[in-house]
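This is run-v1.cif (mmCIF, C-alpha atoms and all ligand atoms; chains and numbers go by the auth columns).
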```cif
data_final
loop_
_atom_site.group_PDB
_atom_site.id
_atom_site.type_symbol
_atom_site.label_atom_id
_atom_site.label_comp_id
_atom_site.label_asym_id
_atom_site.label_seq_id
_atom_site.Cartn_x
_atom_site.Cartn_y
_atom_site.Cartn_z
_atom_site.B_iso_or_equiv
_atom_site.auth_seq_id
_atom_site.auth_asym_id
ATOM 1 C CA MET A 1 5.508 10.508 -2.787 0.00 1 O
ATOM 2 C CA HIS A 2 8.691 11.995 -1.404 0.00 2 O
ATOM 3 C CA GLN A 3 11.840 11.284 -3.405 0.00 3 O
ATOM 4 C CA CYS A 4 13.419 9.460 -0.470 0.00 4 O
ATOM 5 C CA CYS A 5 10.403 7.163 -0.287 0.00 5 O
ATOM 6 C CA VAL A 6 10.552 6.433 -4.008 0.00 6 O
ATOM 7 C CA LEU A 7 14.196 5.415 -3.805 0.00 7 O
ATOM 8 C CA CYS A 8 13.651 3.394 -0.668 0.00 8 O
ATOM 9 C CA CYS A 9 10.631 1.614 -2.113 0.00 9 O
ATOM 10 C CA LEU A 10 12.535 0.730 -5.275 0.00 10 O
ATOM 11 C CA CYS A 11 15.412 -0.539 -3.200 0.00 11 O
ATOM 12 C CA THR A 12 13.154 -2.502 -0.868 0.00 12 O
ATOM 13 C CA ALA A 13 11.145 -3.948 -3.732 0.00 13 O
ATOM 14 C CA PHE A 14 14.397 -5.078 -5.325 0.00 14 O
ATOM 15 C CA LEU A 15 15.510 -6.761 -2.109 0.00 15 O
ATOM 16 C CA SER A 16 12.087 -8.381 -1.744 0.00 16 O
ATOM 17 C CA ALA A 17 12.344 -9.779 -5.256 0.00 17 O
ATOM 18 C CA LEU A 18 15.876 -10.971 -4.582 0.00 18 O
ATOM 19 C CA PHE A 19 14.880 -12.785 -1.407 0.00 19 O
ATOM 20 C CA SER A 20 11.491 -13.950 -2.585 0.00 20 O
ATOM 21 C CA GLY A 21 10.843 -15.737 0.688 0.00 21 O
ATOM 22 C CA LEU A 22 10.816 -12.358 2.425 0.00 22 O
ATOM 23 C CA ASP A 23 7.778 -11.900 4.635 0.00 23 O
ATOM 24 C CA VAL A 24 4.871 -9.707 3.693 0.00 24 O
ATOM 25 C CA THR A 25 4.787 -6.342 5.457 0.00 25 O
ATOM 26 C CA PHE A 26 1.648 -5.038 7.142 0.00 26 O
ATOM 27 C CA VAL A 27 1.052 -1.310 7.468 0.00 27 O
ATOM 28 C CA LEU A 28 -1.599 0.192 9.728 0.00 28 O
ATOM 29 C CA THR A 29 -3.220 3.316 8.278 0.00 29 O
ATOM 30 C CA ASP A 30 -4.937 5.498 10.856 0.00 30 O
ATOM 31 C CA HIS A 31 -7.265 7.387 8.498 0.00 31 O
ATOM 32 C CA SER A 32 -10.779 5.956 8.806 0.00 32 O
ATOM 33 C CA LYS A 33 -12.246 4.859 5.479 0.00 33 O
ATOM 34 C CA SER A 34 -14.968 2.510 4.234 0.00 34 O
ATOM 35 C CA TRP A 35 -13.782 -0.975 3.269 0.00 35 O
ATOM 36 C CA THR A 36 -13.869 -0.129 -0.464 0.00 36 O
ATOM 37 C CA GLU A 37 -12.034 3.188 0.046 0.00 37 O
ATOM 38 C CA ALA A 38 -9.456 1.370 2.163 0.00 38 O
ATOM 39 C CA GLN A 39 -8.988 -1.249 -0.581 0.00 39 O
ATOM 40 C CA SER A 40 -8.392 1.497 -3.179 0.00 40 O
ATOM 41 C CA TYR A 41 -5.924 3.273 -0.886 0.00 41 O
ATOM 42 C CA CYS A 42 -3.960 0.089 -0.212 0.00 42 O
ATOM 43 C CA ARG A 43 -3.846 -0.812 -3.901 0.00 43 O
ATOM 44 C CA GLU A 44 -2.554 2.654 -4.768 0.00 44 O
ATOM 45 C CA HIS A 45 0.026 3.042 -1.988 0.00 45 O
ATOM 46 C CA HIS A 46 0.935 -0.531 -1.029 0.00 46 O
ATOM 47 C CA THR A 47 -0.198 -3.861 -2.478 0.00 47 O
ATOM 48 C CA ASP A 48 -3.703 -4.566 -1.167 0.00 48 O
ATOM 49 C CA LEU A 49 -5.749 -4.786 2.001 0.00 49 O
ATOM 50 C CA ALA A 50 -4.089 -7.304 4.312 0.00 50 O
ATOM 51 C CA SER A 51 -4.677 -11.013 3.913 0.00 51 O
ATOM 52 C CA VAL A 52 -4.241 -12.799 7.234 0.00 52 O
ATOM 53 C CA ARG A 53 -3.444 -16.280 5.984 0.00 53 O
ATOM 54 C CA ASN A 54 -2.029 -18.073 8.982 0.00 54 O
ATOM 55 C CA GLU A 55 -1.217 -17.769 12.671 0.00 55 O
ATOM 56 C CA ALA A 56 2.146 -16.080 11.965 0.00 56 O
ATOM 57 C CA GLU A 57 0.504 -13.331 9.908 0.00 57 O
ATOM 58 C CA ASN A 58 -2.258 -13.023 12.493 0.00 58 O
ATOM 59 C CA GLN A 59 0.425 -12.465 15.114 0.00 59 O
ATOM 60 C CA LYS A 60 1.895 -9.637 13.008 0.00 60 O
ATOM 61 C CA VAL A 61 -1.520 -7.987 12.860 0.00 61 O
ATOM 62 C CA GLN A 62 -1.934 -8.329 16.620 0.00 62 O
ATOM 63 C CA GLU A 63 1.412 -6.625 17.192 0.00 63 O
ATOM 64 C CA LEU A 64 0.591 -3.795 14.790 0.00 64 O
ATOM 65 C CA VAL A 65 -2.467 -2.413 16.581 0.00 65 O
ATOM 66 C CA PRO A 66 -2.121 -0.835 20.030 0.00 66 O
ATOM 67 C CA GLY A 67 -3.993 -2.521 22.866 0.00 67 O
ATOM 68 C CA GLY A 68 -7.544 -1.339 23.490 0.00 68 O
ATOM 69 C CA GLY A 69 -8.055 -0.290 19.879 0.00 69 O
ATOM 70 C CA GLY A 70 -11.358 -0.611 18.038 0.00 70 O
ATOM 71 C CA PHE A 71 -12.288 -2.036 14.666 0.00 71 O
ATOM 72 C CA VAL A 72 -9.659 -2.227 11.901 0.00 72 O
ATOM 73 C CA TRP A 73 -10.397 -3.386 8.352 0.00 73 O
ATOM 74 C CA ILE A 74 -8.660 -6.444 6.950 0.00 74 O
ATOM 75 C CA GLY A 75 -8.913 -7.704 3.376 0.00 75 O
ATOM 76 C CA LEU A 76 -11.685 -10.256 3.930 0.00 76 O
ATOM 77 C CA PHE A 77 -15.110 -9.866 2.273 0.00 77 O
ATOM 78 C CA ARG A 78 -17.859 -12.046 0.869 0.00 78 O
ATOM 79 C CA ASP A 79 -20.163 -13.413 -1.322 0.00 79 O
ATOM 80 C CA SER A 80 -18.594 -16.426 0.225 0.00 80 O
ATOM 81 C CA TRP A 81 -15.668 -15.106 2.271 0.00 81 O
ATOM 82 C CA LYS A 82 -12.556 -14.367 0.248 0.00 82 O
ATOM 83 C CA TRP A 83 -9.469 -12.175 0.376 0.00 83 O
ATOM 84 C CA SER A 84 -9.134 -8.891 -1.501 0.00 84 O
ATOM 85 C CA ASP A 85 -5.771 -9.915 -3.018 0.00 85 O
ATOM 86 C CA GLY A 86 -6.997 -13.327 -4.167 0.00 86 O
ATOM 87 C CA SER A 87 -5.240 -15.313 -1.437 0.00 87 O
ATOM 88 C CA SER A 88 -6.916 -18.671 -1.005 0.00 88 O
ATOM 89 C CA SER A 89 -6.233 -19.137 2.711 0.00 89 O
ATOM 90 C CA SER A 90 -9.066 -20.499 4.832 0.00 90 O
ATOM 91 C CA PHE A 91 -7.470 -19.217 8.055 0.00 91 O
ATOM 92 C CA ARG A 92 -10.156 -17.448 10.134 0.00 92 O
ATOM 93 C CA TYR A 93 -10.096 -15.692 13.505 0.00 93 O
ATOM 94 C CA TRP A 94 -13.771 -14.865 14.122 0.00 94 O
ATOM 95 C CA ARG A 95 -15.057 -13.553 17.410 0.00 95 O
ATOM 96 C CA SER A 96 -17.558 -15.884 19.098 0.00 96 O
ATOM 97 C CA GLY A 97 -20.976 -15.523 17.420 0.00 97 O
ATOM 98 C CA GLN A 98 -19.465 -13.977 14.254 0.00 98 O
ATOM 99 C CA PRO A 99 -19.933 -13.806 11.346 0.00 99 O
ATOM 100 C CA ASN A 100 -23.670 -13.303 11.921 0.00 100 O
ATOM 101 C CA ASN A 101 -24.515 -11.084 8.927 0.00 101 O
ATOM 102 C CA TYR A 102 -26.659 -8.856 11.151 0.00 102 O
ATOM 103 C CA GLY A 103 -29.488 -7.295 9.165 0.00 103 O
ATOM 104 C CA GLY A 104 -28.256 -9.178 6.093 0.00 104 O
ATOM 105 C CA GLN A 105 -25.858 -6.340 5.299 0.00 105 O
ATOM 106 C CA GLU A 106 -22.503 -7.348 6.761 0.00 106 O
ATOM 107 C CA ALA A 107 -20.212 -8.310 3.878 0.00 107 O
ATOM 108 C CA CYS A 108 -16.796 -7.089 5.070 0.00 108 O
ATOM 109 C CA ALA A 109 -14.521 -8.218 7.888 0.00 109 O
ATOM 110 C CA ALA A 110 -12.744 -6.149 10.536 0.00 110 O
ATOM 111 C CA ALA A 111 -10.463 -7.156 13.373 0.00 111 O
ATOM 112 C CA ASP A 112 -11.918 -5.979 16.694 0.00 112 O
ATOM 113 C CA PHE A 113 -9.095 -4.861 18.952 0.00 113 O
ATOM 114 C CA SER A 114 -11.483 -4.223 21.818 0.00 114 O
ATOM 115 C CA SER A 115 -11.890 -8.010 21.714 0.00 115 O
ATOM 116 C CA SER A 116 -8.404 -9.521 21.296 0.00 116 O
ATOM 117 C CA GLY A 117 -8.246 -8.622 17.612 0.00 117 O
ATOM 118 C CA ARG A 118 -10.787 -11.293 16.717 0.00 118 O
ATOM 119 C CA TRP A 119 -12.783 -10.758 13.554 0.00 119 O
ATOM 120 C CA VAL A 120 -16.341 -9.552 13.048 0.00 120 O
ATOM 121 C CA ASP A 121 -18.451 -9.097 9.933 0.00 121 O
ATOM 122 C CA VAL A 122 -19.716 -5.520 9.605 0.00 122 O
ATOM 123 C CA LYS A 123 -21.311 -3.246 7.002 0.00 123 O
ATOM 124 C CA CYS A 124 -18.729 -2.313 4.364 0.00 124 O
ATOM 125 C CA ASP A 125 -19.563 1.412 4.485 0.00 125 O
ATOM 126 C CA GLU A 126 -18.572 1.752 8.146 0.00 126 O
ATOM 127 C CA LYS A 127 -15.382 3.817 8.425 0.00 127 O
ATOM 128 C CA PHE A 128 -12.408 2.300 10.274 0.00 128 O
ATOM 129 C CA PRO A 129 -8.616 2.456 10.133 0.00 129 O
ATOM 130 C CA PHE A 130 -7.228 -0.394 8.049 0.00 130 O
ATOM 131 C CA ILE A 131 -4.253 -2.643 7.444 0.00 131 O
ATOM 132 C CA CYS A 132 -2.529 -2.807 4.064 0.00 132 O
ATOM 133 C CA SER A 133 -0.048 -5.417 2.925 0.00 133 O
ATOM 134 C CA GLY A 134 2.985 -4.642 0.805 0.00 134 O
ATOM 135 C CA PRO A 135 6.403 -5.909 -0.155 0.00 135 O
ATOM 136 C CA SER A 136 8.110 -2.760 1.052 0.00 136 O
ATOM 137 C CA GLU A 137 8.656 -1.115 4.407 0.00 137 O
ATOM 138 C CA CYS A 138 7.979 2.336 2.979 0.00 138 O
ATOM 139 C CA VAL A 139 5.457 4.196 5.115 0.00 139 O
ATOM 140 C CA PHE A 140 4.283 7.696 4.346 0.00 140 O
ATOM 141 C CA GLU A 141 1.444 10.042 5.161 0.00 141 O
ATOM 142 C CA GLU A 142 -1.188 11.407 2.811 0.00 142 O
ATOM 143 C CA GLU A 143 -0.650 14.484 0.623 0.00 143 O
ATOM 144 C CA GLU A 144 -1.944 17.169 3.000 0.00 144 O
ATOM 145 C CA GLU A 145 1.092 16.817 5.261 0.00 145 O
ATOM 146 C CA ASP A 146 4.002 19.160 4.481 0.00 146 O
ATOM 147 C CA SER A 147 7.117 17.717 2.904 0.00 147 O
ATOM 148 C CA GLU A 148 9.141 17.773 6.110 0.00 148 O
ATOM 149 C CA GLU A 149 6.607 15.488 7.820 0.00 149 O
ATOM 150 C CA ILE A 150 6.469 13.211 4.806 0.00 150 O
ATOM 151 C CA GLU A 151 10.209 12.805 5.079 0.00 151 O
ATOM 152 C CA ASP A 152 9.903 12.048 8.786 0.00 152 O
ATOM 153 C CA ASP A 153 7.254 9.445 8.072 0.00 153 O
ATOM 154 C CA CYS A 154 9.328 7.783 5.359 0.00 154 O
ATOM 155 C CA ASP A 155 10.559 4.752 7.218 0.00 155 O
ATOM 156 C CA CYS A 156 12.323 2.380 4.861 0.00 156 O
ATOM 157 C CA ILE A 157 14.696 -0.438 5.651 0.00 157 O
ATOM 158 C CA CYS A 158 17.178 0.888 3.066 0.00 158 O
ATOM 159 C CA CYS A 159 17.359 4.437 4.442 0.00 159 O
ATOM 160 C CA ASP A 160 19.860 3.732 7.212 0.00 160 O
HETATM 161 CA CA CA B . -21.539 -9.170 12.624 0.00 201 Z
#
```
Render the structure in this file as structure tokens.
Ligand SMILES: [Ca+2]
Amino acid sequence: MHQCCVLCCLCTAFLSALFSGLDVTFVLTDHSKSWTEAQSYCREHHTDLASVRNEAENQKVQELVPGGGGFVWIGLFRDSWKWSDGSSSSFRYWRSGQPNNYGGQEACAAADFSSSGRWVDVKCDEKFPFICSGPSECVFEEEEEDSEEIEDDCDCICCD
């Protein structure tokens, strides 16, 4: 991670801790990964795959993804449906007719932005962009980008 990002994340994390009522931040990652790969990425770089626990958080997700988008992973999966980060919310936003566990193999949830961002159950090894949650506003690209771009992509609330 770029040095600027490290400092900003520390600063933002401190502010988050100070104002513990501070809202969770959602970050859309455009690289397509399987649900499990996306979970690992979010846990390494942010906090976890996004839990969408109420209408306010659902609204944030809706605003994050451009109109006409496709499927985007969220942190919901089953035996019985639960959130990747352990959140206990029973808020759901399923598309009509979903979840249908088609073929008995659909154990992960994605938001379908070709259908108002409503949720569908799909096979976990499908590859989609995904939404992470985190306490910080620090956004950065993966390693293959050169350092100048990483700096450009470091967008932290403490940088100003
Ligand atoms: Ca389905």
Open item on the list: List the spatial neighbours of Asp121 in chain O as a list of chain:residue names - criterion: any atom at most 8 Å away, all atoms listed in the file, same-chain residues fewer than 2 positions off excluded.
Closed with: O:Gln98, O:Pro99, O:Asn100, O:Asn101, O:Glu106, O:Ala107, O:Cys108, O:Ala109, O:Ala110, O:Trp119, O:Lys123
Take the residues that were just selected and, keeping C-alpha atoms, output them as a compact mmCIF listing (two decimals), keeping the file's coordinate frame.
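result_10.txt written:
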```
# COMPACT_ATOMS: atom_id res chain seq x y z
CA GLN O 98 -19.46 -13.98 14.25
CA PRO O 99 -19.93 -13.81 11.35
CA ASN O 100 -23.67 -13.30 11.92
CA ASN O 101 -24.52 -11.08 8.93
CA GLU O 106 -22.50 -7.35 6.76
CA ALA O 107 -20.21 -8.31 3.88
CA CYS O 108 -16.80 -7.09 5.07
CA ALA O 109 -14.52 -8.22 7.89
CA ALA O 110 -12.74 -6.15 10.54
CA TRP O 119 -12.78 -10.76 13.55
CA LYS O 123 -21.31 -3.25 7.00
```
Open item on the list: I'd like the contact shell of Cys132 in chain O - 8 Å cut-off, all atoms listed in the file, skipping same-chain residues fewer than 4 positions apart - returned as a list in words.
Closed with: Phe26, Val27, Leu28, Thr29, Cys42, His46, Thr47, Asp48, Leu49, Ala50 and Ile74 of chain O
- [ ] Run the PyMOL selection byres (((chain O and resi 89) around 12) and not hetatm) on the file and write out the hits as a PyMOL selection string.
- [x] chain O and resi 51-55+57+75-76+81-88+90-93
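If all atoms listed in the file are the atoms counted, then among O:Val65, O:Pro135, O:Phe130, O:Gly97 the closest residue to ligand CA 201 (chain Z) is O:Gly97.
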First collect every listed atom of range 92-111 of chain O; then fit an axis-aligned box around them, widen it by 3 Å on each side, and give centre and edge lengths in Å to one decimal, as lines of an AutoDock Vina configuration file.
```
center_x = -19.8
center_y = -11.8
center_z = 11.5
size_x = 25.4
size_y = 17.3
size_z = 21.2
```
- [ ] Rounded to one decimal place, report the CA of Ser133 in chain O-atom CA of ligand CA 201 (chain Z) distance in Å.
- [x] 23.9 Å
Near His31 in chain O, within 12 Å and counting all atoms listed in the file, which residues show up once chain neighbours fewer than 3 positions away are dropped, as an mmCIF file with C-alpha atoms, keeping the file's coordinate frame?
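Listed below is the output, result28.cif:
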```
data_model
loop_
_atom_site.group_PDB
_atom_site.id
_atom_site.type_symbol
_atom_site.label_atom_id
_atom_site.label_comp_id
_atom_site.auth_asym_id
_atom_site.auth_seq_id
_atom_site.Cartn_x
_atom_site.Cartn_y
_atom_site.Cartn_z
ATOM 1 C CA LEU O 28 -1.599 0.192 9.728
ATOM 2 C CA SER O 34 -14.968 2.510 4.234
ATOM 3 C CA TRP O 35 -13.782 -0.975 3.269
ATOM 4 C CA GLU O 37 -12.034 3.188 0.046
ATOM 5 C CA ALA O 38 -9.456 1.370 2.163
ATOM 6 C CA TYR O 41 -5.924 3.273 -0.886
ATOM 7 C CA CYS O 42 -3.960 0.089 -0.212
ATOM 8 C CA VAL O 72 -9.659 -2.227 11.901
ATOM 9 C CA TRP O 73 -10.397 -3.386 8.352
ATOM 10 C CA LYS O 127 -15.382 3.817 8.425
ATOM 11 C CA PHE O 128 -12.408 2.300 10.274
ATOM 12 C CA PRO O 129 -8.616 2.456 10.133
ATOM 13 C CA PHE O 130 -7.228 -0.394 8.049
ATOM 14 C CA ILE O 131 -4.253 -2.643 7.444
ATOM 15 C CA GLU O 141 1.444 10.042 5.161
ATOM 16 C CA GLU O 142 -1.188 11.407 2.811
#
```
Open item on the list: From the options O:Asp125, O:Gln59, O:Thr36, O:Trp94, which residue's atoms come nearest to Asp112 in chain O, counting all atoms listed in the file?
Closed with: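 Among the listed residues, O:Trp94 lies closest to Asp112 in chain O.
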Open item on the list: When you count only C-alpha atoms and all ligand atoms, which of these residues is closest to ligand CA 201 (chain Z): O:His45, O:Lys60, O:Arg118, O:Lys33?
Closed with: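 For ligand CA 201 (chain Z), the nearest of the candidates is O:Arg118.
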TODO: Quote the spacing between CA of Ser115 in chain O and CA of Gln62 in chain O in Å to one decimal place.
DONE: 11.2 Å
Open item on the list: Quick check, in Å to one decimal: how far apart do atom CA of ligand CA 201 (chain Z) and CA of Phe77 in chain O lie?
Closed with: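 Separating atom CA of ligand CA 201 (chain Z) from CA of Phe77 in chain O is a distance of 12.2 Å.
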